[in-house]
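Printed here is protein_16.cif (mmCIF, C-alpha atoms and all ligand atoms):
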data_data
#
loop_
_atom_site.label_atom_id
_atom_site.label_comp_id
_atom_site.auth_asym_id
_atom_site.auth_seq_id
_atom_site.Cartn_x
_atom_site.Cartn_y
_atom_site.Cartn_z
CA MET K 1 -42.60 128.55 43.67
CA LYS K 2 -44.76 131.59 42.92
CA ASN K 3 -48.10 131.18 41.16
CA PRO K 4 -47.89 130.66 37.42
CA ARG K 5 -48.77 133.72 35.38
CA THR K 6 -50.93 134.22 32.32
CA VAL K 7 -48.90 136.67 30.25
CA LEU K 8 -49.98 138.69 27.25
CA VAL K 9 -46.72 139.21 25.36
CA THR K 10 -46.98 141.76 22.56
CA GLY K 11 -44.45 141.64 19.72
CA GLY K 12 -43.29 138.16 20.68
CA CYS K 13 -42.16 137.34 17.13
CA GLY K 14 -39.61 140.15 17.12
CA PHE K 15 -36.03 140.03 18.32
CA ILE K 16 -36.35 140.62 22.08
CA GLY K 17 -39.89 139.25 22.36
CA ALA K 18 -38.86 135.90 20.85
CA ASN K 19 -35.86 135.64 23.17
CA PHE K 20 -38.15 136.45 26.11
CA ILE K 21 -40.74 133.83 25.16
CA ARG K 22 -38.03 131.21 24.74
CA LEU K 23 -36.52 132.08 28.14
CA VAL K 24 -39.86 131.96 29.95
CA ALA K 25 -40.88 128.70 28.26
CA ARG K 26 -37.62 127.16 29.52
CA THR K 27 -37.65 128.55 33.06
CA PHE K 28 -41.37 128.81 33.87
CA PRO K 29 -42.96 125.94 31.93
CA HIS K 30 -46.30 126.43 33.73
CA TRP K 31 -46.82 130.04 32.71
CA ARG K 32 -49.34 130.60 29.92
CA LEU K 33 -47.99 132.88 27.18
CA ILE K 34 -50.30 134.61 24.72
CA ASN K 35 -48.26 136.17 21.93
CA LEU K 36 -50.04 138.99 20.07
CA ASP K 37 -48.02 140.04 17.03
CA LYS K 38 -48.97 141.77 13.78
CA LEU K 39 -46.10 140.12 11.88
CA THR K 40 -44.74 143.30 10.38
CA TYR K 41 -41.49 143.04 8.42
CA ALA K 42 -39.77 142.59 11.85
CA GLY K 43 -42.01 139.76 13.06
CA ASN K 44 -40.76 136.32 12.16
CA LEU K 45 -42.72 133.22 13.09
CA THR K 46 -39.69 131.01 12.59
CA ASN K 47 -38.11 132.70 15.65
CA LEU K 48 -40.56 130.57 17.66
CA LYS K 49 -40.89 127.57 15.39
CA ASP K 50 -40.31 125.11 18.25
CA MET K 51 -43.08 126.65 20.43
CA GLU K 52 -46.11 124.41 20.29
CA GLU K 53 -49.59 125.90 20.61
CA GLY K 54 -51.52 124.47 23.57
CA GLU K 55 -52.04 124.99 27.30
CA THR K 56 -48.95 127.11 27.75
CA TYR K 57 -48.62 128.94 24.44
CA ARG K 58 -50.99 130.66 22.05
CA PHE K 59 -50.17 132.83 19.04
CA ILE K 60 -52.57 135.50 17.80
CA LYS K 61 -51.79 137.42 14.63
CA GLY K 62 -53.14 140.89 15.20
CA ASP K 63 -52.52 144.56 15.77
CA ILE K 64 -52.16 146.11 19.22
CA CYS K 65 -54.04 149.15 17.84
CA ASP K 66 -57.12 146.98 17.23
CA ALA K 67 -59.13 147.78 20.37
CA ALA K 68 -61.84 145.17 19.66
CA LEU K 69 -59.24 142.39 19.30
CA VAL K 70 -57.33 143.45 22.43
CA ASP K 71 -60.62 143.56 24.39
CA GLU K 72 -61.53 140.12 23.11
CA ILE K 73 -58.18 138.75 24.32
CA PHE K 74 -58.60 140.32 27.78
CA SER K 75 -62.17 138.95 27.97
CA GLY K 76 -61.33 135.43 26.80
CA GLU K 77 -58.16 134.90 28.87
CA VAL K 78 -57.59 135.67 32.55
CA ILE K 79 -54.51 137.77 31.94
CA ASP K 80 -52.57 138.93 34.98
CA THR K 81 -49.40 140.13 33.25
CA VAL K 82 -48.71 142.18 30.15
CA VAL K 83 -45.18 142.37 28.78
CA HIS K 84 -45.39 144.93 26.03
CA PHE K 85 -42.61 144.70 23.42
CA ALA K 86 -44.56 145.41 20.22
CA ALA K 87 -43.24 148.52 18.54
CA GLU K 88 -41.68 149.94 15.45
CA SER K 89 -38.09 149.78 16.68
CA HIS K 90 -35.68 151.04 14.04
CA VAL K 91 -34.52 154.67 14.29
CA ASP K 92 -33.62 155.00 10.57
CA ARG K 93 -37.11 153.89 9.54
CA SER K 94 -38.63 156.43 11.92
CA ILE K 95 -36.74 159.17 10.08
CA THR K 96 -38.02 158.11 6.65
CA GLY K 97 -41.53 157.10 7.79
CA PRO K 98 -42.61 158.30 11.24
CA ALA K 99 -46.37 157.66 10.87
CA GLU K 100 -46.19 153.93 11.72
CA PHE K 101 -44.18 154.81 14.83
CA VAL K 102 -46.85 157.19 16.09
CA GLN K 103 -49.55 154.63 15.36
CA THR K 104 -48.04 151.49 16.85
CA ASN K 105 -45.88 152.94 19.61
CA ILE K 106 -48.31 155.56 20.91
CA VAL K 107 -51.81 154.50 19.84
CA GLY K 108 -50.98 150.81 20.32
CA THR K 109 -49.70 151.35 23.86
CA PHE K 110 -52.75 153.48 24.65
CA THR K 111 -55.06 150.72 23.37
CA LEU K 112 -53.41 148.11 25.61
CA LEU K 113 -53.49 150.39 28.65
CA GLU K 114 -57.16 151.14 28.09
CA SER K 115 -58.01 147.46 27.91
CA ALA K 116 -55.98 146.68 31.04
CA ARG K 117 -57.75 149.50 32.90
CA HIS K 118 -61.16 148.33 31.75
CA HIS K 119 -60.70 144.64 32.50
CA TRP K 120 -58.47 144.77 35.57
CA LEU K 121 -59.87 147.81 37.39
CA GLU K 122 -63.46 148.16 36.22
CA LYS K 123 -64.52 144.57 35.53
CA LYS K 124 -61.99 143.10 38.00
CA LEU K 125 -61.24 140.30 35.56
CA VAL K 126 -57.83 139.29 36.79
CA GLY K 127 -56.14 136.18 38.20
CA GLY K 128 -53.35 137.19 40.56
CA GLN K 129 -51.64 140.53 41.24
CA PRO K 130 -51.74 142.23 37.84
CA VAL K 131 -48.78 143.99 36.28
CA PHE K 132 -48.32 145.81 32.98
CA LEU K 133 -44.64 145.95 32.06
CA HIS K 134 -43.89 148.42 29.30
CA VAL K 135 -40.56 147.74 27.58
CA SER K 136 -38.94 151.01 26.63
CA THR K 137 -35.59 152.46 25.67
CA ASP K 138 -32.75 154.60 26.98
CA GLU K 139 -33.23 156.80 23.90
CA VAL K 140 -36.04 158.65 25.68
CA TYR K 141 -33.34 160.47 27.70
CA GLY K 142 -31.69 162.01 24.63
CA SER K 143 -27.97 162.19 24.06
CA LEU K 144 -25.06 162.42 26.53
CA GLY K 145 -21.79 164.29 26.25
CA GLU K 146 -18.50 162.60 27.06
CA THR K 147 -19.43 162.01 30.68
CA GLY K 148 -22.56 161.23 32.67
CA LEU K 149 -25.08 158.40 32.82
CA PHE K 150 -28.85 158.13 32.30
CA ARG K 151 -30.63 157.64 35.63
CA GLU K 152 -34.34 156.99 36.20
CA THR K 153 -34.56 160.63 37.29
CA THR K 154 -32.95 162.01 34.11
CA ALA K 155 -35.34 164.36 32.29
CA TYR K 156 -36.80 163.03 29.04
CA ASP K 157 -35.32 164.62 25.90
CA PRO K 158 -36.15 162.37 22.92
CA ARG K 159 -34.65 163.49 19.64
CA SER K 160 -35.82 161.08 16.90
CA PRO K 161 -39.38 160.23 15.86
CA TYR K 162 -38.73 156.75 17.29
CA SER K 163 -37.58 157.96 20.69
CA ALA K 164 -40.31 160.61 20.80
CA SER K 165 -42.92 157.90 20.22
CA LYS K 166 -41.41 155.71 22.94
CA ALA K 167 -41.23 158.67 25.35
CA SER K 168 -44.84 159.38 24.61
CA SER K 169 -45.83 155.80 25.37
CA ASP K 170 -43.85 155.94 28.64
CA HIS K 171 -45.75 159.09 29.62
CA LEU K 172 -49.07 157.40 28.86
CA ALA K 173 -48.08 154.35 30.91
CA ASN K 174 -47.08 156.55 33.85
CA ALA K 175 -50.29 158.55 33.52
CA TYR K 176 -52.38 155.36 33.68
CA PHE K 177 -50.61 154.43 36.90
CA HIS K 178 -51.02 157.82 38.56
CA THR K 179 -54.53 158.58 37.32
CA TYR K 180 -56.28 155.21 37.35
CA GLY K 181 -53.96 152.98 39.34
CA VAL K 182 -53.16 150.61 36.47
CA PRO K 183 -50.20 148.64 37.91
CA VAL K 184 -47.56 149.75 35.44
CA MET K 185 -43.80 149.21 35.47
CA ILE K 186 -41.45 150.59 32.83
CA THR K 187 -38.01 149.34 31.83
CA ASN K 188 -35.64 151.55 29.80
CA CYS K 189 -32.79 149.54 28.36
CA SER K 190 -29.78 150.10 26.16
CA ASN K 191 -28.87 148.54 22.77
CA ASN K 192 -29.61 144.82 22.70
CA TYR K 193 -27.72 142.32 20.57
CA GLY K 194 -27.85 138.54 20.21
CA PRO K 195 -29.71 135.80 18.31
CA TYR K 196 -32.73 136.61 16.08
CA GLN K 197 -31.99 140.32 15.61
CA PHE K 198 -33.30 141.67 12.31
CA PRO K 199 -30.31 142.42 10.07
CA GLU K 200 -31.07 146.12 9.70
CA LYS K 201 -29.54 146.84 13.12
CA LEU K 202 -25.79 147.55 13.35
CA ILE K 203 -24.39 144.21 14.58
CA PRO K 204 -26.30 141.74 12.36
CA LEU K 205 -26.01 144.12 9.38
CA ILE K 206 -22.23 144.31 9.70
CA PHE K 207 -22.02 140.54 10.18
CA HIS K 208 -24.07 139.88 7.07
CA ASN K 209 -22.21 142.38 4.89
CA CYS K 210 -18.88 140.93 6.07
CA LEU K 211 -19.97 137.50 4.93
CA GLU K 212 -21.11 138.80 1.58
CA GLY K 213 -17.93 140.86 1.11
CA ARG K 214 -20.00 144.05 0.93
CA LYS K 215 -19.22 147.53 2.23
CA LEU K 216 -19.65 148.10 5.95
CA PRO K 217 -21.52 151.42 6.34
CA VAL K 218 -20.39 153.42 9.38
CA TYR K 219 -22.40 156.59 9.95
CA GLY K 220 -20.50 159.87 10.36
CA ASP K 221 -17.18 159.50 12.16
CA GLY K 222 -18.17 156.20 13.83
CA LYS K 223 -17.37 157.58 17.27
CA GLN K 224 -20.93 157.51 18.58
CA ILE K 225 -21.18 155.42 21.74
CA ARG K 226 -23.78 152.81 22.60
CA ASP K 227 -24.00 150.60 25.71
CA TRP K 228 -24.43 147.00 24.50
CA LEU K 229 -26.71 144.66 26.44
CA TYR K 230 -26.82 140.95 25.63
CA VAL K 231 -30.45 140.05 24.90
CA GLY K 232 -30.39 137.08 27.31
CA ASP K 233 -29.35 139.41 30.14
CA HIS K 234 -32.13 141.83 29.18
CA CYS K 235 -34.81 139.11 29.15
CA GLN K 236 -33.62 137.86 32.54
CA ALA K 237 -33.89 141.43 33.85
CA ILE K 238 -37.51 141.62 32.68
CA VAL K 239 -38.33 138.38 34.51
CA GLU K 240 -36.68 139.73 37.68
CA VAL K 241 -38.57 143.02 37.44
CA LEU K 242 -41.86 141.13 37.02
CA GLU K 243 -41.10 139.04 40.09
CA LYS K 244 -39.45 141.62 42.35
CA GLY K 245 -40.15 145.09 40.96
CA SER K 246 -42.62 147.62 42.33
CA VAL K 247 -45.54 149.03 40.38
CA GLY K 248 -45.28 152.71 39.56
CA HIS K 249 -41.50 152.38 39.14
CA CYS K 250 -39.22 152.49 36.15
CA TYR K 251 -35.92 150.61 35.92
CA ASN K 252 -32.94 151.39 33.73
CA ILE K 253 -31.25 148.29 32.31
CA GLY K 254 -27.75 148.56 30.88
CA GLY K 255 -24.95 146.21 29.90
CA ASN K 256 -21.94 148.17 31.26
CA ASN K 257 -20.43 147.82 27.79
CA GLU K 258 -19.89 151.26 26.31
CA LYS K 259 -18.30 151.04 22.86
CA GLU K 260 -17.77 153.36 19.92
CA ASN K 261 -19.53 152.07 16.79
CA ILE K 262 -16.24 151.81 14.94
CA GLU K 263 -14.81 149.58 17.70
CA VAL K 264 -17.82 147.26 17.36
CA VAL K 265 -17.47 147.07 13.58
CA GLU K 266 -13.72 146.41 13.78
CA LEU K 267 -14.22 143.71 16.40
CA ILE K 268 -16.75 141.87 14.21
CA CYS K 269 -14.29 142.05 11.28
CA ASP K 270 -11.46 140.70 13.44
CA ILE K 271 -13.51 137.80 14.84
CA LEU K 272 -14.69 136.81 11.37
CA ASP K 273 -11.12 137.08 10.00
CA GLU K 274 -10.06 134.74 12.79
CA LYS K 275 -12.89 132.23 12.26
CA LEU K 276 -13.08 132.26 8.46
CA ASP K 277 -10.69 132.72 5.54
CA LEU K 278 -9.65 136.29 4.78
CA LEU K 279 -11.34 138.01 1.82
CA PRO K 280 -10.48 136.49 -1.60
CA SER K 281 -8.11 139.46 -2.12
CA GLY K 282 -6.23 138.41 1.02
CA ALA K 283 -7.33 141.58 2.82
CA SER K 284 -8.92 141.81 6.26
CA ARG K 285 -12.65 142.52 6.47
CA ARG K 286 -11.70 145.88 7.99
CA SER K 287 -10.93 146.97 4.42
CA LEU K 288 -14.70 146.91 3.76
CA ILE K 289 -15.37 149.69 6.29
CA THR K 290 -16.90 152.72 4.56
CA PHE K 291 -17.78 155.95 6.31
CA VAL K 292 -21.14 157.17 5.01
CA THR K 293 -23.39 160.19 5.54
CA ASP K 294 -24.43 160.49 9.16
CA ARG K 295 -27.93 159.65 10.43
CA LEU K 296 -30.07 162.80 10.82
CA GLY K 297 -30.10 163.96 14.43
CA HIS K 298 -27.74 161.12 15.38
CA ASP K 299 -27.47 160.85 19.19
CA ARG K 300 -23.82 160.87 20.24
CA ARG K 301 -23.65 158.78 23.37
CA TYR K 302 -25.93 156.62 25.51
CA ALA K 303 -24.84 155.19 28.87
CA ILE K 304 -26.91 153.73 31.67
CA ASP K 305 -26.68 153.78 35.43
CA SER K 306 -28.23 150.43 36.45
CA THR K 307 -27.80 150.98 40.20
CA LYS K 308 -31.54 150.98 40.94
CA ILE K 309 -32.31 147.58 39.38
CA LYS K 310 -29.17 146.13 40.97
CA ASP K 311 -29.99 147.39 44.46
CA THR K 312 -33.77 146.87 44.48
CA VAL K 313 -34.33 143.88 42.21
CA GLY K 314 -30.95 142.19 42.47
CA TRP K 315 -30.25 142.02 38.73
CA GLN K 316 -27.00 142.81 36.98
CA PRO K 317 -25.69 141.83 33.54
CA LYS K 318 -23.61 138.66 33.35
CA VAL K 319 -22.35 138.73 29.76
CA THR K 320 -19.42 140.95 28.79
CA PHE K 321 -19.40 142.39 25.28
CA GLU K 322 -16.40 140.27 24.31
CA GLU K 323 -18.29 137.07 25.32
CA GLY K 324 -21.64 138.20 23.93
CA ILE K 325 -20.36 139.25 20.53
CA ARG K 326 -18.65 135.85 20.09
CA MET K 327 -21.83 133.99 21.11
CA THR K 328 -23.81 136.16 18.69
CA ILE K 329 -21.43 135.65 15.78
CA ASP K 330 -21.43 131.88 16.43
CA TRP K 331 -25.25 131.90 16.41
CA TYR K 332 -25.39 133.78 13.12
CA LEU K 333 -22.76 131.49 11.59
CA ASP K 334 -24.76 128.44 12.70
CA ASN K 335 -28.02 129.97 11.46
CA ARG K 336 -27.10 131.33 8.03
CA GLU K 337 -30.39 130.07 6.68
CA TRP K 338 -32.31 132.27 9.13
CA VAL K 339 -30.45 135.37 7.92
CA ASN K 340 -30.80 134.41 4.24
CA ARG K 341 -34.53 133.85 4.60
CA VAL K 342 -34.91 137.27 6.21
CA ILE K 343 -32.95 138.97 3.48
CA ASP K 344 -34.68 137.26 0.57
CA GLY K 345 -38.05 137.86 2.24
CA SER K 346 -39.12 134.21 2.29
CA TYR K 347 -39.72 134.30 6.08
CA ALA K 348 -42.58 136.75 5.62
CA GLU K 349 -46.12 135.49 5.67
CA TYR K 350 -47.56 138.58 4.06
CA TYR K 351 -45.43 140.18 1.41
CA HIS K 352 -47.61 143.24 1.12
CA ASN K 353 -46.57 144.16 4.68
CA MET K 354 -42.96 144.20 3.76
CA TYR K 355 -40.66 147.10 3.54
CA ASP K 356 -38.00 146.63 0.88
CA ASN K 357 -35.42 144.94 3.12
CA LYS K 358 -32.80 144.94 0.40
CA LYS K 359 -32.84 148.73 0.48
CA ASN K 360 -31.21 148.79 3.91
CA ILE K 361 -29.29 145.56 3.84
CA GLY K 362 -26.32 144.58 1.83
CA GLN K 363 -25.35 147.83 0.11
P1 LIG K 401 -38.42 144.24 16.69
O1 LIG K 401 -38.59 145.32 15.69
O2 LIG K 401 -37.42 143.17 16.45
O3 LIG K 401 -39.82 143.50 16.92
C1 LIG K 401 -41.02 144.19 17.06
C2 LIG K 401 -42.16 143.18 17.03
O4 LIG K 401 -43.39 143.88 17.23
C3 LIG K 401 -42.29 142.43 15.70
O5 LIG K 401 -42.51 141.07 15.92
C4 LIG K 401 -43.49 143.08 15.03
O6 LIG K 401 -44.19 142.22 14.15
C5 LIG K 401 -44.33 143.46 16.25
N1 LIG K 401 -45.25 144.58 15.97
C6 LIG K 401 -44.94 145.76 15.40
N2 LIG K 401 -46.05 146.53 15.30
C7 LIG K 401 -47.06 145.82 15.85
C8 LIG K 401 -48.44 146.07 16.06
N3 LIG K 401 -49.00 147.23 15.67
N4 LIG K 401 -49.20 145.13 16.68
C9 LIG K 401 -48.64 143.95 17.07
N5 LIG K 401 -47.35 143.65 16.88
C10 LIG K 401 -46.56 144.57 16.28
O7 LIG K 401 -38.17 144.98 18.06
P2 LIG K 401 -37.18 144.60 19.26
O8 LIG K 401 -35.82 145.04 18.91
O9 LIG K 401 -37.43 143.19 19.65
O10 LIG K 401 -37.73 145.59 20.40
C11 LIG K 401 -38.78 145.19 21.27
C12 LIG K 401 -39.11 146.33 22.19
O11 LIG K 401 -37.96 146.71 22.94
C13 LIG K 401 -39.56 147.60 21.48
O12 LIG K 401 -40.59 148.18 22.23
C14 LIG K 401 -38.33 148.49 21.47
O13 LIG K 401 -38.71 149.86 21.47
C15 LIG K 401 -37.70 148.09 22.78
N6 LIG K 401 -36.24 148.25 22.83
C16 LIG K 401 -35.45 147.63 21.91
C17 LIG K 401 -34.06 147.75 22.01
C18 LIG K 401 -33.14 147.09 21.03
O14 LIG K 401 -31.93 147.30 21.12
N7 LIG K 401 -33.62 146.27 20.11
C19 LIG K 401 -33.51 148.52 23.05
C20 LIG K 401 -34.37 149.19 23.94
C21 LIG K 401 -35.74 149.02 23.84
O1 LIG K 402 -30.58 152.41 22.71
C1 LIG K 402 -31.65 151.54 22.53
C2 LIG K 402 -32.06 151.51 21.07
O2 LIG K 402 -31.05 150.80 20.36
C3 LIG K 402 -33.42 150.86 20.85
O3 LIG K 402 -34.41 151.60 21.50
C4 LIG K 402 -33.73 150.75 19.35
O4 LIG K 402 -34.94 150.03 19.16
C5 LIG K 402 -32.60 149.99 18.68
O5 LIG K 402 -32.82 149.94 17.28
C6 LIG K 402 -31.25 150.65 18.98
O6 LIG K 402 -31.16 151.95 18.33
P1 LIG K 402 -29.82 152.43 17.62
O7 LIG K 402 -30.15 153.46 16.64
O8 LIG K 402 -28.78 152.75 18.62
O9 LIG K 402 -29.39 151.03 16.90
P2 LIG K 402 -28.80 150.74 15.44
O10 LIG K 402 -28.40 149.30 15.43
O11 LIG K 402 -29.68 151.22 14.35
O12 LIG K 402 -27.48 151.63 15.42
C7 LIG K 402 -26.47 151.48 16.40
C8 LIG K 402 -25.42 152.56 16.12
O13 LIG K 402 -24.76 152.25 14.90
C9 LIG K 402 -26.01 153.94 15.91
O14 LIG K 402 -25.13 154.90 16.47
C10 LIG K 402 -26.10 154.11 14.41
C11 LIG K 402 -24.91 153.30 13.91
N1 LIG K 402 -25.08 152.63 12.60
C12 LIG K 402 -26.19 151.89 12.40
C13 LIG K 402 -26.38 151.23 11.21
C14 LIG K 402 -27.63 150.42 10.96
C15 LIG K 402 -24.08 152.72 11.65
O15 LIG K 402 -23.04 153.40 11.85
N2 LIG K 402 -24.25 152.06 10.46
C16 LIG K 402 -25.37 151.33 10.19
O16 LIG K 402 -25.49 150.78 9.06
#
Written form, structure tokens:
Amino acid sequence: MKNPRTVLVTGGCGFIGANFIRLVARTFPHWRLINLDKLTYAGNLTNLKDMEEGETYRFIKGDICDAALVDEIFSGEVIDTVVHFAAESHVDRSITGPAEFVQTNIVGTFTLLESARHHWLEKKLVGGQPVFLHVSTDEVYGSLGETGLFRETTAYDPRSPYSASKASSDHLANAYFHTYGVPVMITNCSNNYGPYQFPEKLIPLIFHNCLEGRKLPVYGDGKQIRDWLYVGDHCQAIVEVLEKGSVGHCYNIGGNNEKENIEVVELICDILDEKLDLLPSGASRRSLITFVTDRLGHDRRYAIDSTKIKDTVGWQPKVTFEEGIRMTIDWYLDNREWVNRVIDGSYAEYYHNMYDNKKNIGQ
């Protein structure tokens, strides 16, 4: 077995971060995980309620933009690995309020890179071979036409404030590798889905509205295409990249599950019709589908070529969309309380941090 790592995980109380922490705690019980999370509206401590603080897990409530705090963490712990998830992640919110995206996604990433450079390269405070893995998105590549795939060599062409902020953070991470030699790796993945996803994103939002008998908002003509990646597959890919990837490289991670949004929405309706009673009117949940005004600057199609990670790291997705969506729906059905607590706001430690969740959910 390889040496245990001491990992600074940022944004570990969010959707993917929590799934990653849970996976690592199960598969590498000797790794030490330090979870730095600001607990924004998207951070939910109950996602990790069974993680006990101690030798192998520590939670720190704080902001990645707080340079003094990040320095203190790097000074007090012998960190050899950073897995950087913390971000503002929702495209619609970036359209209505881009400032937070610039702050957290760009300034926050810069703050972490600076601290890694200072402690790892200048002070040489590091345990094993250090690595800074920056978790990014396929949205940095822009939008595809009917054909073609995003490759690691595809030119960046971000088109929303969210994707522009993530592209910017990727550029900073690359610059820190080339200029200073900070051992950076970047992963650019497609749309994740699975347990613990905040119900503002398409799949959990449609699930929740179906259960409440509310309208299912489909933007524009619903024919935009996303490549769906089961979150467990994504987290496994991150572990594999940490163990087998090369610094200075980026890796595209996709699910090989290209679907039109309308297909996804209809499938969720059909699965819920099959598992539960039909609507009180006797109609299928498909009758709730409502086409609404399109998202500004809505990217048409994303699709990933995952050849590099398959050939060099040996990872490929295991979960098909048909399997993953059923596992996800079962999880949400079994965890109704989790969803309800998110929607009524009772999960949140600090109400003043909260965006009005009801504005986006359940209309
Ligand atoms: P999320 O919104 O569910 O969680 C983000 C987490 O970061 C939350 O716990 C939040 O409290 C924390 N956070 C936000 N600002 C912070 C700050 N300033 N300091 C410390 N913590 C802060 O996001 P997610 O969907 O889990 O995405 C995680 C990462 O993966 C992001 O970097 C995102 O860009 C990237 N990504 C997500 C997807 C996806 O489909 N969800 C796909 C590709 C890439
Ligand atoms: O591609 C990776 C990206 O996937 C990540 O980087 C982002 O963090 C993540 O939020 C996600 O971005 P999207 O914008 O693709 O995800 P979202 O769930 O918001 O929307 C998925 C698609 O569904 C998109 O084409 C917009 C559409 N949509 C979304 C919502 C919330 C609707 O039609 N109706 C809706 O109500």
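With atom P1 of ligand LIG 401 (chain K) on one side and atom CA of K:Asp294 on the other, the separation reads 22.7 Å.
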If you take only C-alpha atoms and all ligand atoms and a cut-off of 8 Å, which residues of chain K touch ligand LIG 402 (chain K), and what are their nearest atom pairs and distances in Å to one decimal, in chain and number order, as CSV?
residue,atom,partner,partner_atom,distance
K:Glu88,CA,K:LIG402,O4,7.7
K:Ser89,CA,K:LIG402,O4,4.0
K:His90,CA,K:LIG402,O5,4.5
K:Val91,CA,K:LIG402,O7,5.1
K:Asp92,CA,K:LIG402,O11,6.6
K:Ser136,CA,K:LIG402,O3,6.9
K:Thr137,CA,K:LIG402,O3,4.4
K:Asp138,CA,K:LIG402,O1,5.3
K:Glu139,CA,K:LIG402,O1,5.3
K:Tyr162,CA,K:LIG402,O3,7.9
K:Ser163,CA,K:LIG402,O3,7.2
K:Cys189,CA,K:LIG402,C1,6.3
K:Ser190,CA,K:LIG402,O1,4.2
K:Asn191,CA,K:LIG402,O2,4.0
K:Asn192,CA,K:LIG402,O2,6.6
K:Glu200,CA,K:LIG402,C14,5.6
K:Lys201,CA,K:LIG402,O10,3.6
K:Leu202,CA,K:LIG402,O10,3.8
K:Ile203,CA,K:LIG402,O10,6.5
K:Leu205,CA,K:LIG402,O16,6.7
K:Ile206,CA,K:LIG402,O16,7.3
K:Leu216,CA,K:LIG402,O16,7.1
K:Pro217,CA,K:LIG402,O16,4.9
K:Val218,CA,K:LIG402,O15,3.6
K:Tyr219,CA,K:LIG402,O15,3.8
K:Gly220,CA,K:LIG402,O15,7.1
K:Gly222,CA,K:LIG402,O15,6.0
K:Gln224,CA,K:LIG402,O14,5.4
K:Ile225,CA,K:LIG402,O14,6.6
K:Arg226,CA,K:LIG402,O8,6.4
K:Asp227,CA,K:LIG402,O1,7.5
K:Asn261,CA,K:LIG402,O13,5.6
K:Ile262,CA,K:LIG402,O15,7.6
K:Asp294,CA,K:LIG402,O15,7.7
K:Arg295,CA,K:LIG402,C10,7.1
K:His298,CA,K:LIG402,O14,6.8
K:Asp299,CA,K:LIG402,O14,6.9
K:Arg300,CA,K:LIG402,O14,7.2
K:Tyr302,CA,K:LIG402,O1,6.9
K:Asn360,CA,K:LIG402,O16,7.9
Within 7 Å of ligand LIG 401 (chain K), counting only C-alpha atoms and all ligand atoms: which residues, as a ChimeraX atom specification?
-> /K:10-17,36-44,62-65,84-90,104,108,135-138,166,188-193,197-198
Put those residues in a file: C-alpha atoms, as a tab-separated table (two decimals), in the frame of the given file.
chain	number	residue	atom	x	y	z
K	10	THR	CA	-46.98	141.76	22.56
K	11	GLY	CA	-44.45	141.64	19.72
K	12	GLY	CA	-43.29	138.16	20.68
K	13	CYS	CA	-42.16	137.34	17.13
K	14	GLY	CA	-39.61	140.15	17.12
K	15	PHE	CA	-36.03	140.03	18.32
K	16	ILE	CA	-36.35	140.62	22.08
K	17	GLY	CA	-39.89	139.25	22.36
K	36	LEU	CA	-50.04	138.99	20.07
K	37	ASP	CA	-48.02	140.04	17.03
K	38	LYS	CA	-48.97	141.77	13.78
K	39	LEU	CA	-46.10	140.12	11.88
K	40	THR	CA	-44.74	143.30	10.38
K	41	TYR	CA	-41.49	143.04	8.42
K	42	ALA	CA	-39.77	142.59	11.85
K	43	GLY	CA	-42.01	139.76	13.06
K	44	ASN	CA	-40.76	136.32	12.16
K	62	GLY	CA	-53.14	140.89	15.20
K	63	ASP	CA	-52.52	144.56	15.77
K	64	ILE	CA	-52.16	146.11	19.22
K	65	CYS	CA	-54.04	149.15	17.84
K	84	HIS	CA	-45.39	144.93	26.03
K	85	PHE	CA	-42.61	144.70	23.42
K	86	ALA	CA	-44.56	145.41	20.22
K	87	ALA	CA	-43.24	148.52	18.54
K	88	GLU	CA	-41.68	149.94	15.45
K	89	SER	CA	-38.09	149.78	16.68
K	90	HIS	CA	-35.68	151.04	14.04
K	104	THR	CA	-48.04	151.49	16.85
K	108	GLY	CA	-50.98	150.81	20.32
K	135	VAL	CA	-40.56	147.74	27.58
K	136	SER	CA	-38.94	151.01	26.63
K	137	THR	CA	-35.59	152.46	25.67
K	138	ASP	CA	-32.75	154.60	26.98
K	166	LYS	CA	-41.41	155.71	22.94
K	188	ASN	CA	-35.64	151.55	29.80
K	189	CYS	CA	-32.79	149.54	28.36
K	190	SER	CA	-29.78	150.10	26.16
K	191	ASN	CA	-28.87	148.54	22.77
K	192	ASN	CA	-29.61	144.82	22.70
K	193	TYR	CA	-27.72	142.32	20.57
K	197	GLN	CA	-31.99	140.32	15.61
K	198	PHE	CA	-33.30	141.67	12.31
Do you know which residues are at most 12 Å from K:Gly76 counting all atoms listed in the file, after dropping those on the same chain fewer than 2 positions away, and could you put them as a count of residues only?
-> 14
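Atom pair atom CA of K:Asp334 / atom CA of K:Asn209: separated by 16.2 Å.
For the choices K:Lys244, K:Lys318, K:Arg301, K:His208, the atom-to-atom distance to K:Cys269 is smallest for K:His208 when using all atoms listed in the file.
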Record the distance separating atom CA of K:Cys235 and atom CA of K:Ile186, expressed in Å with one decimal.
-> 13.8 Å
Give me the residues near K:Gln236 as a PDB file with C-alpha atoms, in the coordinates of the input, where near means some atom within 9 Å (using only C-alpha atoms) and where sequence neighbours in that chain fewer than 6 positions away do not count.
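After the write, around_0.pdb holds the following:
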ATOM      1  CA  PHE K  20     -38.150 136.450  26.110  1.00  0.00           C
ATOM      2  CA  LEU K  23     -36.520 132.080  28.140  1.00  0.00           C
ATOM      3  CA  VAL K  24     -39.860 131.960  29.950  1.00  0.00           C
ATOM      4  CA  TRP K 315     -30.250 142.020  38.730  1.00  0.00           C
ATOM      5  CA  PRO K 317     -25.690 141.830  33.540  1.00  0.00           C
TER       6      PRO K 317
END
